[in-house]
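What follows is entry11.cif (mmCIF, C-alpha atoms and all ligand atoms).
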data_run
#
loop_
_atom_site.group_PDB
_atom_site.id
_atom_site.type_symbol
_atom_site.label_atom_id
_atom_site.label_comp_id
_atom_site.auth_asym_id
_atom_site.auth_seq_id
_atom_site.Cartn_x
_atom_site.Cartn_y
_atom_site.Cartn_z
ATOM 1 C CA MET A 6 29.758 -19.649 -26.035
ATOM 2 C CA GLU A 7 30.992 -20.813 -22.631
ATOM 3 C CA ASP A 8 33.590 -18.509 -20.986
ATOM 4 C CA LYS A 9 37.133 -19.781 -21.465
ATOM 5 C CA ARG A 10 39.993 -19.940 -18.994
ATOM 6 C CA ILE A 11 43.598 -20.392 -20.059
ATOM 7 C CA LEU A 12 46.945 -20.802 -18.347
ATOM 8 C CA THR A 13 50.030 -19.086 -19.667
ATOM 9 C CA ILE A 14 53.523 -20.113 -18.574
ATOM 10 C CA GLN A 15 56.333 -17.645 -19.239
ATOM 11 C CA ASP A 16 58.615 -15.250 -17.379
ATOM 12 C CA ILE A 17 57.916 -11.960 -15.688
ATOM 13 C CA SER A 18 60.314 -9.401 -17.107
ATOM 14 C CA CYS A 19 59.462 -6.595 -14.690
ATOM 15 C CA VAL A 20 60.378 -3.920 -17.242
ATOM 16 C CA GLY A 21 60.525 -4.313 -21.013
ATOM 17 C CA GLN A 22 57.028 -5.093 -22.346
ATOM 18 C CA CYS A 23 57.325 -8.784 -23.050
ATOM 19 C CA SER A 24 56.172 -12.163 -21.731
ATOM 20 C CA LEU A 25 53.635 -11.998 -18.877
ATOM 21 C CA THR A 26 53.446 -8.199 -18.777
ATOM 22 C CA VAL A 27 52.002 -8.312 -22.294
ATOM 23 C CA ALA A 28 50.249 -11.719 -22.242
ATOM 24 C CA LEU A 29 48.084 -10.930 -19.229
ATOM 25 C CA PRO A 30 46.657 -7.602 -20.425
ATOM 26 C CA ILE A 31 46.258 -8.738 -24.030
ATOM 27 C CA ILE A 32 44.519 -12.060 -23.383
ATOM 28 C CA SER A 33 42.368 -10.506 -20.656
ATOM 29 C CA ALA A 34 41.358 -7.694 -23.034
ATOM 30 C CA CYS A 35 40.194 -10.410 -25.416
ATOM 31 C CA GLY A 36 37.693 -11.450 -22.740
ATOM 32 C CA ILE A 37 39.517 -14.605 -21.656
ATOM 33 C CA GLU A 38 40.271 -15.426 -18.014
ATOM 34 C CA THR A 39 44.043 -15.747 -17.790
ATOM 35 C CA ALA A 40 45.869 -17.691 -15.086
ATOM 36 C CA ILE A 41 49.645 -17.450 -14.947
ATOM 37 C CA LEU A 42 52.582 -19.584 -13.946
ATOM 38 C CA PRO A 43 55.777 -17.482 -13.932
ATOM 39 C CA SER A 44 58.823 -19.399 -15.182
ATOM 40 C CA ALA A 45 61.342 -16.833 -13.920
ATOM 41 C CA VAL A 46 61.492 -13.256 -12.662
ATOM 42 C CA LEU A 47 63.909 -10.857 -14.342
ATOM 43 C CA SER A 48 64.403 -7.163 -13.663
ATOM 44 C CA THR A 49 64.200 -6.582 -17.444
ATOM 45 C CA HIS A 50 64.205 -8.755 -20.573
ATOM 46 C CA THR A 51 67.567 -9.858 -21.929
ATOM 47 C CA GLY A 52 67.405 -8.132 -25.300
ATOM 48 C CA GLY A 53 69.485 -4.995 -24.980
ATOM 49 C CA PHE A 54 69.611 -4.414 -21.219
ATOM 50 C CA THR A 55 72.738 -5.412 -19.282
ATOM 51 C CA GLY A 56 73.132 -6.465 -15.655
ATOM 52 C CA TYR A 57 69.554 -7.734 -15.261
ATOM 53 C CA THR A 58 68.591 -10.031 -12.390
ATOM 54 C CA PHE A 59 67.274 -13.543 -13.110
ATOM 55 C CA ARG A 60 65.462 -15.768 -10.639
ATOM 56 C CA ASP A 61 64.623 -19.223 -11.959
ATOM 57 C CA LEU A 62 61.257 -20.387 -10.552
ATOM 58 C CA SER A 63 61.607 -24.044 -11.653
ATOM 59 C CA GLY A 64 61.622 -25.083 -7.987
ATOM 60 C CA ASP A 65 58.113 -23.655 -7.428
ATOM 61 C CA MET A 66 56.424 -25.204 -10.437
ATOM 62 C CA GLN A 67 55.668 -28.680 -9.156
ATOM 63 C CA GLY A 68 54.280 -27.386 -5.841
ATOM 64 C CA ILE A 69 52.010 -24.948 -7.663
ATOM 65 C CA SER A 70 50.715 -27.616 -10.027
ATOM 66 C CA SER A 71 50.087 -30.153 -7.255
ATOM 67 C CA HIS A 72 48.022 -27.522 -5.403
ATOM 68 C CA TRP A 73 45.998 -26.939 -8.583
ATOM 69 C CA LYS A 74 45.533 -30.687 -8.913
ATOM 70 C CA LYS A 75 44.092 -30.868 -5.380
ATOM 71 C CA GLU A 76 41.777 -27.961 -6.170
ATOM 72 C CA GLY A 77 40.663 -29.633 -9.415
ATOM 73 C CA ILE A 78 41.663 -26.565 -11.453
ATOM 74 C CA ARG A 79 41.396 -27.079 -15.237
ATOM 75 C CA PHE A 80 42.091 -24.953 -18.303
ATOM 76 C CA ASP A 81 40.758 -24.760 -21.851
ATOM 77 C CA ALA A 82 44.279 -24.104 -23.138
ATOM 78 C CA VAL A 83 47.834 -23.860 -21.905
ATOM 79 C CA TYR A 84 50.030 -21.349 -23.770
ATOM 80 C CA THR A 85 53.758 -21.436 -23.068
ATOM 81 C CA GLY A 86 56.409 -18.840 -23.893
ATOM 82 C CA TYR A 87 59.891 -18.082 -22.519
ATOM 83 C CA LEU A 88 60.951 -20.795 -20.061
ATOM 84 C CA GLY A 89 63.572 -20.369 -17.352
ATOM 85 C CA SER A 90 65.400 -23.716 -17.507
ATOM 86 C CA ILE A 91 65.632 -26.875 -19.561
ATOM 87 C CA ASP A 92 63.946 -28.863 -16.747
ATOM 88 C CA GLN A 93 60.853 -26.684 -17.060
ATOM 89 C CA ILE A 94 60.120 -28.278 -20.443
ATOM 90 C CA ASP A 95 59.315 -31.567 -18.664
ATOM 91 C CA TYR A 96 57.341 -29.757 -15.944
ATOM 92 C CA VAL A 97 55.304 -27.975 -18.611
ATOM 93 C CA GLN A 98 54.474 -31.300 -20.303
ATOM 94 C CA GLU A 99 53.318 -32.645 -16.959
ATOM 95 C CA ILE A 100 51.261 -29.541 -16.116
ATOM 96 C CA MET A 101 49.568 -29.704 -19.525
ATOM 97 C CA LYS A 102 48.661 -33.344 -18.936
ATOM 98 C CA GLU A 103 47.239 -32.642 -15.485
ATOM 99 C CA THR A 104 45.431 -29.347 -15.979
ATOM 100 C CA LEU A 105 44.011 -29.402 -19.517
ATOM 101 C CA LYS A 106 40.308 -30.155 -19.890
ATOM 102 C CA PRO A 107 39.523 -32.943 -22.372
ATOM 103 C CA GLY A 108 40.109 -31.394 -25.800
ATOM 104 C CA GLY A 109 42.071 -28.492 -24.228
ATOM 105 C CA LEU A 110 44.706 -26.923 -26.464
ATOM 106 C CA ARG A 111 48.493 -26.994 -26.137
ATOM 107 C CA ILE A 112 49.844 -23.775 -27.656
ATOM 108 C CA VAL A 113 53.635 -23.449 -27.684
ATOM 109 C CA ASP A 114 55.699 -20.398 -28.581
ATOM 110 C CA PRO A 115 59.331 -21.604 -28.354
ATOM 111 C CA ALA A 116 60.454 -18.019 -27.466
ATOM 112 C CA MET A 117 64.195 -18.722 -27.441
ATOM 113 C CA ALA A 118 65.787 -17.169 -30.544
ATOM 114 C CA ASP A 119 65.520 -14.577 -33.311
ATOM 115 C CA HIS A 120 67.516 -13.143 -36.219
ATOM 116 C CA GLY A 121 69.583 -16.334 -36.558
ATOM 117 C CA LYS A 122 70.695 -16.451 -32.893
ATOM 118 C CA LEU A 123 69.587 -18.045 -29.623
ATOM 119 C CA TYR A 124 68.700 -15.543 -26.873
ATOM 120 C CA TYR A 125 71.288 -15.135 -24.138
ATOM 121 C CA GLY A 126 71.350 -18.209 -21.841
ATOM 122 C CA PHE A 127 69.815 -20.708 -24.289
ATOM 123 C CA THR A 128 71.695 -23.678 -25.758
ATOM 124 C CA GLU A 129 71.349 -26.117 -28.650
ATOM 125 C CA GLU A 130 70.391 -28.717 -26.051
ATOM 126 C CA PHE A 131 67.501 -26.506 -24.914
ATOM 127 C CA ALA A 132 66.420 -26.055 -28.549
ATOM 128 C CA GLY A 133 66.449 -29.843 -29.040
ATOM 129 C CA LYS A 134 64.243 -30.338 -26.010
ATOM 130 C CA MET A 135 61.945 -27.491 -27.058
ATOM 131 C CA ALA A 136 61.497 -29.338 -30.377
ATOM 132 C CA GLY A 137 59.851 -32.090 -28.316
ATOM 133 C CA LEU A 138 57.462 -29.631 -26.640
ATOM 134 C CA CYS A 139 56.563 -28.065 -30.004
ATOM 135 C CA GLY A 140 56.091 -31.567 -31.381
ATOM 136 C CA SER A 141 53.429 -32.256 -28.758
ATOM 137 C CA ALA A 142 51.617 -28.974 -29.452
ATOM 138 C CA ASP A 143 48.242 -28.492 -31.082
ATOM 139 C CA ILE A 144 49.620 -25.192 -32.324
ATOM 140 C CA ALA A 145 53.297 -24.197 -32.457
ATOM 141 C CA LEU A 146 54.216 -20.554 -33.080
ATOM 142 C CA PRO A 147 57.925 -20.396 -33.967
ATOM 143 C CA ASN A 148 59.721 -17.675 -35.886
ATOM 144 C CA ILE A 149 62.068 -18.796 -38.681
ATOM 145 C CA THR A 150 65.158 -18.848 -36.428
ATOM 146 C CA GLU A 151 63.425 -21.014 -33.814
ATOM 147 C CA ALA A 152 62.113 -23.366 -36.489
ATOM 148 C CA CYS A 153 65.683 -23.723 -37.812
ATOM 149 C CA PHE A 154 67.176 -24.448 -34.371
ATOM 150 C CA MET A 155 64.485 -27.025 -33.585
ATOM 151 C CA THR A 156 64.876 -28.880 -36.871
ATOM 152 C CA GLY A 157 68.650 -28.619 -37.383
ATOM 153 C CA THR A 158 68.138 -26.454 -40.487
ATOM 154 C CA PRO A 159 70.896 -23.966 -41.394
ATOM 155 C CA TYR A 160 69.534 -20.421 -40.982
ATOM 156 C CA GLU A 161 69.812 -18.425 -44.207
ATOM 157 C CA ARG A 162 70.458 -14.718 -43.886
ATOM 158 C CA GLY A 163 68.571 -12.470 -46.298
ATOM 159 C CA PRO A 164 65.378 -13.263 -48.219
ATOM 160 C CA LYS A 165 64.006 -16.790 -47.916
ATOM 161 C CA ASP A 166 61.988 -18.170 -50.805
ATOM 162 C CA GLU A 167 58.815 -20.226 -50.734
ATOM 163 C CA ALA A 168 60.696 -23.531 -51.232
ATOM 164 C CA TYR A 169 62.817 -22.834 -48.118
ATOM 165 C CA ILE A 170 59.760 -21.880 -46.032
ATOM 166 C CA GLU A 171 57.666 -24.840 -47.191
ATOM 167 C CA ALA A 172 60.548 -27.232 -46.391
ATOM 168 C CA LEU A 173 60.856 -25.651 -42.939
ATOM 169 C CA LEU A 174 57.101 -26.022 -42.353
ATOM 170 C CA ASP A 175 57.377 -29.696 -43.375
ATOM 171 C CA LYS A 176 60.142 -30.211 -40.804
ATOM 172 C CA VAL A 177 58.302 -28.487 -37.937
ATOM 173 C CA SER A 178 55.156 -30.478 -38.804
ATOM 174 C CA ASP A 179 57.274 -33.647 -38.803
ATOM 175 C CA LEU A 180 58.187 -32.892 -35.156
ATOM 176 C CA GLY A 181 54.510 -33.640 -34.499
ATOM 177 C CA ALA A 182 52.854 -30.213 -34.137
ATOM 178 C CA LYS A 183 49.291 -30.446 -35.461
ATOM 179 C CA CYS A 184 49.317 -26.887 -36.694
ATOM 180 C CA VAL A 185 52.238 -24.510 -37.276
ATOM 181 C CA VAL A 186 52.090 -20.727 -37.459
ATOM 182 C CA LEU A 187 55.493 -19.626 -38.792
ATOM 183 C CA LYS A 188 56.250 -15.939 -38.235
ATOM 184 C CA GLY A 189 58.419 -13.498 -40.145
ATOM 185 C CA ILE A 190 57.813 -14.579 -43.750
ATOM 186 C CA SER A 191 58.672 -12.191 -46.572
ATOM 187 C CA TYR A 192 58.585 -13.094 -50.270
ATOM 188 C CA GLU A 193 58.236 -9.565 -51.514
ATOM 189 C CA GLU A 194 60.005 -6.288 -50.682
ATOM 190 C CA GLY A 195 57.936 -4.257 -48.203
ATOM 191 C CA LYS A 196 55.665 -7.154 -47.167
ATOM 192 C CA LEU A 197 55.860 -9.314 -44.052
ATOM 193 C CA GLY A 198 53.569 -12.028 -42.777
ATOM 194 C CA VAL A 199 52.890 -15.469 -41.395
ATOM 195 C CA ALA A 200 52.405 -18.950 -42.835
ATOM 196 C CA VAL A 201 49.740 -21.210 -41.343
ATOM 197 C CA ARG A 202 50.297 -24.928 -41.980
ATOM 198 C CA GLN A 203 47.304 -27.128 -41.183
ATOM 199 C CA GLU A 204 46.583 -30.629 -42.455
ATOM 200 C CA GLY A 205 49.361 -30.375 -45.053
ATOM 201 C CA HIS A 206 48.053 -27.120 -46.525
ATOM 202 C CA THR A 207 49.735 -23.705 -46.155
ATOM 203 C CA SER A 208 47.870 -20.380 -46.098
ATOM 204 C CA TYR A 209 49.654 -17.043 -45.934
ATOM 205 C CA TYR A 210 48.745 -13.666 -44.504
ATOM 206 C CA PHE A 211 50.844 -10.623 -45.437
ATOM 207 C CA HIS A 212 50.796 -6.968 -44.435
ATOM 208 C CA GLU A 213 53.164 -4.030 -44.841
ATOM 209 C CA ARG A 214 56.682 -4.378 -43.412
ATOM 210 C CA LEU A 215 58.016 -1.630 -41.166
ATOM 211 C CA ARG A 216 61.743 -0.916 -41.177
ATOM 212 C CA ARG A 217 62.089 -1.057 -37.400
ATOM 213 C CA ASN A 218 62.848 -4.334 -35.511
ATOM 214 C CA SER A 219 61.177 -4.421 -32.098
ATOM 215 C CA HIS A 220 61.524 -6.429 -28.905
ATOM 216 C CA GLY A 221 58.543 -8.318 -27.527
ATOM 217 C CA THR A 222 56.581 -8.481 -30.755
ATOM 218 C CA GLY A 223 56.675 -12.305 -30.748
ATOM 219 C CA ASP A 224 54.939 -12.300 -27.349
ATOM 220 C CA ILE A 225 52.417 -9.682 -28.462
ATOM 221 C CA TYR A 226 51.721 -11.794 -31.542
ATOM 222 C CA ALA A 227 51.287 -15.070 -29.622
ATOM 223 C CA SER A 228 49.146 -13.457 -26.904
ATOM 224 C CA SER A 229 46.722 -11.818 -29.333
ATOM 225 C CA PHE A 230 46.620 -15.050 -31.347
ATOM 226 C CA VAL A 231 45.622 -16.969 -28.197
ATOM 227 C CA GLY A 232 43.013 -14.342 -27.292
ATOM 228 C CA ALA A 233 41.396 -14.441 -30.720
ATOM 229 C CA LEU A 234 41.550 -18.235 -30.985
ATOM 230 C CA MET A 235 39.905 -18.688 -27.599
ATOM 231 C CA GLN A 236 37.162 -16.302 -28.669
ATOM 232 C CA GLY A 237 36.309 -18.798 -31.391
ATOM 233 C CA PHE A 238 38.196 -17.472 -34.416
ATOM 234 C CA SER A 239 39.800 -20.029 -36.738
ATOM 235 C CA VAL A 240 43.563 -20.530 -36.564
ATOM 236 C CA TYR A 241 43.975 -18.588 -39.828
ATOM 237 C CA ASP A 242 41.757 -15.699 -38.707
ATOM 238 C CA ALA A 243 43.452 -15.556 -35.274
ATOM 239 C CA ALA A 244 46.858 -15.550 -37.009
ATOM 240 C CA SER A 245 45.733 -12.637 -39.224
ATOM 241 C CA ILE A 246 44.192 -10.647 -36.344
ATOM 242 C CA ALA A 247 47.417 -11.116 -34.342
ATOM 243 C CA ALA A 248 49.523 -9.944 -37.295
ATOM 244 C CA ASP A 249 47.407 -6.789 -37.690
ATOM 245 C CA PHE A 250 47.521 -6.061 -33.939
ATOM 246 C CA THR A 251 51.297 -6.527 -33.770
ATOM 247 C CA LEU A 252 51.783 -4.228 -36.761
ATOM 248 C CA GLU A 253 49.497 -1.600 -35.220
ATOM 249 C CA SER A 254 51.410 -1.822 -31.905
ATOM 250 C CA MET A 255 54.666 -1.246 -33.791
ATOM 251 C CA LYS A 256 53.161 1.713 -35.638
ATOM 252 C CA LYS A 257 52.157 3.301 -32.327
ATOM 253 C CA THR A 258 55.848 3.212 -31.328
ATOM 254 C CA LEU A 259 57.316 4.725 -34.516
ATOM 255 C CA GLY A 260 59.088 8.016 -33.978
ATOM 256 C CA ASP A 261 59.886 7.416 -30.297
ATOM 257 C CA ASP A 262 63.487 6.182 -30.225
ATOM 258 C CA SER A 263 63.529 6.247 -26.404
ATOM 259 C CA HIS A 264 61.082 3.314 -26.543
ATOM 260 C CA TRP A 265 63.665 0.902 -28.042
ATOM 261 C CA TYR A 266 62.941 -1.906 -25.516
ATOM 262 C CA GLY A 267 59.386 -2.772 -26.591
ATOM 263 C CA VAL A 268 56.290 -1.583 -28.421
ATOM 264 C CA LYS A 269 53.332 0.493 -27.255
ATOM 265 C CA PHE A 270 50.762 -2.290 -27.565
ATOM 266 C CA GLU A 271 48.539 -0.538 -25.001
ATOM 267 C CA LYS A 272 47.742 2.141 -27.575
ATOM 268 C CA ALA A 273 46.563 -0.499 -30.060
ATOM 269 C CA LEU A 274 44.470 -2.545 -27.602
ATOM 270 C CA PRO A 275 41.172 -0.810 -28.489
ATOM 271 C CA LEU A 276 41.548 -2.125 -32.052
ATOM 272 C CA LEU A 277 42.063 -5.684 -30.813
ATOM 273 C CA VAL A 278 39.184 -5.493 -28.344
ATOM 274 C CA GLN A 279 36.874 -4.284 -31.094
ATOM 275 C CA LYS A 280 37.918 -7.071 -33.488
ATOM 276 C CA VAL A 281 37.948 -9.950 -31.048
ATOM 277 C CA ASN A 282 35.118 -9.461 -28.579
ATOM 278 C CA ARG A 283 32.047 -10.680 -30.346
ATOM 279 C CA GLY A 284 29.545 -9.993 -27.610
HETATM 280 O O1 LIG B 1 60.161 -11.689 -25.898
HETATM 281 C C1 LIG B 1 60.854 -12.825 -25.645
HETATM 282 C C2 LIG B 1 61.545 -12.738 -24.317
HETATM 283 C C3 LIG B 1 60.879 -13.103 -23.183
HETATM 284 N N1 LIG B 1 61.453 -13.059 -21.962
HETATM 285 C C4 LIG B 1 62.720 -12.635 -21.836
HETATM 286 C C5 LIG B 1 63.452 -12.220 -22.947
HETATM 287 C C6 LIG B 1 62.858 -12.275 -24.227
HETATM 288 C C7 LIG B 1 63.599 -11.859 -25.412
HETATM 289 O O2 LIG B 1 64.685 -11.386 -25.376
HETATM 290 O O3 LIG B 1 64.696 -11.788 -22.782
HETATM 291 C C8 LIG B 1 63.338 -12.606 -20.474
#

Kindly transcribe the structure held in the file into structure tokens.
Amino acid sequence: MEDKRILTIQDISCVGQCSLTVALPIISACGIETAILPSAVLSTHTGGFTGYTFRDLSGDMQGISSHWKKEGIRFDAVYTGYLGSIDQIDYVQEIMKETLKPGGLRIVDPAMADHGKLYYGFTEEFAGKMAGLCGSADIALPNITEACFMTGTPYERGPKDEAYIEALLDKVSDLGAKCVVLKGISYEEGKLGVAVRQEGHTSYYFHERLRRNSHGTGDIYASSFVGALMQGFSVYDAASIAADFTLESMKKTLGDDSHWYGVKFEKALPLLVQKVNRG
């Protein structure tokens, strides 16, 4: 198989184990060359720290992409995560158009909300615009909250049944995404997993549910999914590998309450490398 090169667009949270500080090591460990376009630089992520710095890099994006255009730089996939401003959604669309090889994949993690709430700094307007980006994706990777915000669906607290999840998958697919990987599904006490909707059919993958909620796990999930997919695994297999890796990363963090801001994915990387690198 020819070596693959991808571009990932998301923020640098200098401390906090999310976005580019997890995407770069994880996708690289999967054997995939990983170029980056930082959307913003923050001193930490916004989930639990206070007083963090935030520098929006929207103003640099067009200059960077026009340089790449001159150099004829092309990618096999563009994977987007946390974006720094609503305008960046248009820039990302443009960059995808200009830098993707023919047949290159658009992979979009809306990375803007969880547990029924938008992250600090995001608005309903942003969610509406993100719905457009997800709609243009080959693969969209929302959690349930993000799927609700993008489709105007009321978020239900507590357990969500299969009818609710299937209706949500219908709505995200109706936005235009060719394939949807919906994260955070639980139909049974003690089990957590993902739903993969492709060509009107849904497949599920479940594993054990840990009690702890952790920051950055959405980024760890999306990054390992991208790594496995680019190594030639099917969407379903990549979704399952990513779920196992995320769970293992969370397990490596159990018992260390001082590590509240992220998960120790580094300790689980050998498992991912072994599963994904096929020689
Ligand atoms: O993990 C998602 C994420 C990415 N980047 C920043 C965040 C968050 C979640 O809170 O704050 C800056």

Could you tell me how far CA of Tyr266 (chain A) sits from CA of Val20 (chain A), in Å to one decimal place?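 Spanning CA of Val20 (chain A) to CA of Tyr266 (chain A) is a straight-line distance of 8.9 Å.
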
Output the neighbourhood of ligand LIG 1 (chain B) as a ChimeraX atom specification, that is, all protein and nucleic acid residues with some atom at most 10 Å from the ligand, counting only C-alpha atoms and all ligand atoms. /A:15-27,44-54,57-59,86-89,114-119,123-126,219-225,266-267

The PyMOL selection byres (((chain A and resi 242) around 12) and not hetatm) applied to the shown file, residues as a VMD selection string: chain A and resid 186 199 to 201 208 to 210 229 to 241 243 to 249 280 to 281

Those selected residues, please, written with C-alpha atoms and delivered as a compact mmCIF listing (two decimals), in the coordinates of the input.
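That gives us part-v4.txt:
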# COMPACT_ATOMS: atom_id res chain seq x y z
CA VAL A 186 52.09 -20.73 -37.46
CA VAL A 199 52.89 -15.47 -41.40
CA ALA A 200 52.40 -18.95 -42.84
CA VAL A 201 49.74 -21.21 -41.34
CA SER A 208 47.87 -20.38 -46.10
CA TYR A 209 49.65 -17.04 -45.93
CA TYR A 210 48.74 -13.67 -44.50
CA SER A 229 46.72 -11.82 -29.33
CA PHE A 230 46.62 -15.05 -31.35
CA VAL A 231 45.62 -16.97 -28.20
CA GLY A 232 43.01 -14.34 -27.29
CA ALA A 233 41.40 -14.44 -30.72
CA LEU A 234 41.55 -18.24 -30.98
CA MET A 235 39.90 -18.69 -27.60
CA GLN A 236 37.16 -16.30 -28.67
CA GLY A 237 36.31 -18.80 -31.39
CA PHE A 238 38.20 -17.47 -34.42
CA SER A 239 39.80 -20.03 -36.74
CA VAL A 240 43.56 -20.53 -36.56
CA TYR A 241 43.98 -18.59 -39.83
CA ALA A 243 43.45 -15.56 -35.27
CA ALA A 244 46.86 -15.55 -37.01
CA SER A 245 45.73 -12.64 -39.22
CA ILE A 246 44.19 -10.65 -36.34
CA ALA A 247 47.42 -11.12 -34.34
CA ALA A 248 49.52 -9.94 -37.30
CA ASP A 249 47.41 -6.79 -37.69
CA LYS A 280 37.92 -7.07 -33.49
CA VAL A 281 37.95 -9.95 -31.05

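Picture a line from CA of Ala82 (chain A) to CA of Lys188 (chain A); it runs 20.9 Å.
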
Give me the residues of region 181-276 of chain A that have any atom at most 6 Å from an atom of region 130-146 of chain A; for each, the nearest atom pair and the distance in Å, rounded to one decimal. Use all atoms listed in the file, sort by chain and number, and format it as JSON lines.
{"residue": "A:Gly181", "atom": "CA", "partner": "A:Gly140", "partner_atom": "CA", "distance": 4.1}
{"residue": "A:Ala182", "atom": "CA", "partner": "A:Gly140", "partner_atom": "CA", "distance": 4.5}
{"residue": "A:Lys183", "atom": "CA", "partner": "A:Asp143", "partner_atom": "CA", "distance": 4.9}
{"residue": "A:Cys184", "atom": "CA", "partner": "A:Ile144", "partner_atom": "CA", "distance": 4.7}
{"residue": "A:Val185", "atom": "CA", "partner": "A:Ala145", "partner_atom": "CA", "distance": 4.9}
{"residue": "A:Val186", "atom": "CA", "partner": "A:Leu146", "partner_atom": "CA", "distance": 4.9}
{"residue": "A:Leu187", "atom": "CA", "partner": "A:Leu146", "partner_atom": "CA", "distance": 5.9}

Padding of 8 Å on every side, edges along x, y and z, all listed atoms of region 117-122 of chain A included: what centre and edge lengths in Å, to one decimal, does that box have, as lines of an AutoDock Vina configuration file?
center_x = 67.4
center_y = -15.9
center_z = -32.0
size_x = 22.5
size_y = 21.6
size_z = 25.1

Neighbourhood query: residues within 6 Å of (54.7, -21.8, -17.2), file coordinates, counting only C-alpha atoms; return as JSON, numbers by chain. {"A": [13, 14, 15, 42, 43, 44, 85]}

Residue nearest Trp73 (chain A) - candidates A:Thr104, A:Thr156, A:Ser191, A:Ser178, atoms counted: all atoms listed in the file: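 Residue with the minimum atom-to-atom distance to Trp73 (chain A): A:Thr104.
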
Written coordinates, C-alpha atoms of region 110-144 of chain A as a PDB file, in the first residue's frame:
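Result went into selection.pdb, see below:
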ATOM      1  CA  LEU A 110     -11.395  11.868   2.416  1.00  0.00           C
ATOM      2  CA  ARG A 111     -13.100  14.629   4.397  1.00  0.00           C
ATOM      3  CA  ILE A 112     -13.273  13.507   8.031  1.00  0.00           C
ATOM      4  CA  VAL A 113     -15.036  15.907  10.398  1.00  0.00           C
ATOM      5  CA  ASP A 114     -15.208  15.734  14.181  1.00  0.00           C
ATOM      6  CA  PRO A 115     -17.466  18.672  15.169  1.00  0.00           C
ATOM      7  CA  ALA A 116     -15.633  18.926  18.557  1.00  0.00           C
ATOM      8  CA  MET A 117     -17.841  21.644  20.049  1.00  0.00           C
ATOM      9  CA  ALA A 118     -20.081  20.112  22.733  1.00  0.00           C
ATOM     10  CA  ASP A 119     -20.638  17.255  25.178  1.00  0.00           C
ATOM     11  CA  HIS A 120     -23.001  16.161  27.955  1.00  0.00           C
ATOM     12  CA  GLY A 121     -25.851  18.280  26.557  1.00  0.00           C
ATOM     13  CA  LYS A 122     -23.863  21.553  26.441  1.00  0.00           C
ATOM     14  CA  LEU A 123     -21.767  23.533  23.962  1.00  0.00           C
ATOM     15  CA  TYR A 124     -18.134  24.053  25.033  1.00  0.00           C
ATOM     16  CA  TYR A 125     -17.289  27.513  26.322  1.00  0.00           C
ATOM     17  CA  GLY A 126     -17.201  30.061  23.453  1.00  0.00           C
ATOM     18  CA  PHE A 127     -19.401  28.136  20.993  1.00  0.00           C
ATOM     19  CA  THR A 128     -22.852  29.293  19.868  1.00  0.00           C
ATOM     20  CA  GLU A 129     -25.935  27.838  18.191  1.00  0.00           C
ATOM     21  CA  GLU A 130     -24.887  29.769  15.092  1.00  0.00           C
ATOM     22  CA  PHE A 131     -21.538  27.947  15.097  1.00  0.00           C
ATOM     23  CA  ALA A 132     -23.357  24.613  15.497  1.00  0.00           C
ATOM     24  CA  GLY A 133     -25.585  25.456  12.512  1.00  0.00           C
ATOM     25  CA  LYS A 134     -22.567  26.207  10.363  1.00  0.00           C
ATOM     26  CA  MET A 135     -20.756  23.094  11.593  1.00  0.00           C
ATOM     27  CA  ALA A 136     -23.800  21.100  10.417  1.00  0.00           C
ATOM     28  CA  GLY A 137     -22.863  22.253   6.906  1.00  0.00           C
ATOM     29  CA  LEU A 138     -19.261  21.055   7.297  1.00  0.00           C
ATOM     30  CA  CYS A 139     -20.430  17.685   8.659  1.00  0.00           C
ATOM     31  CA  GLY A 140     -22.895  17.504   5.783  1.00  0.00           C
ATOM     32  CA  SER A 141     -20.033  17.734   3.295  1.00  0.00           C
ATOM     33  CA  ALA A 142     -18.000  15.052   5.087  1.00  0.00           C
ATOM     34  CA  ASP A 143     -17.226  11.551   3.895  1.00  0.00           C
ATOM     35  CA  ILE A 144     -17.177  10.610   7.562  1.00  0.00           C
TER      36      ILE A 144
END
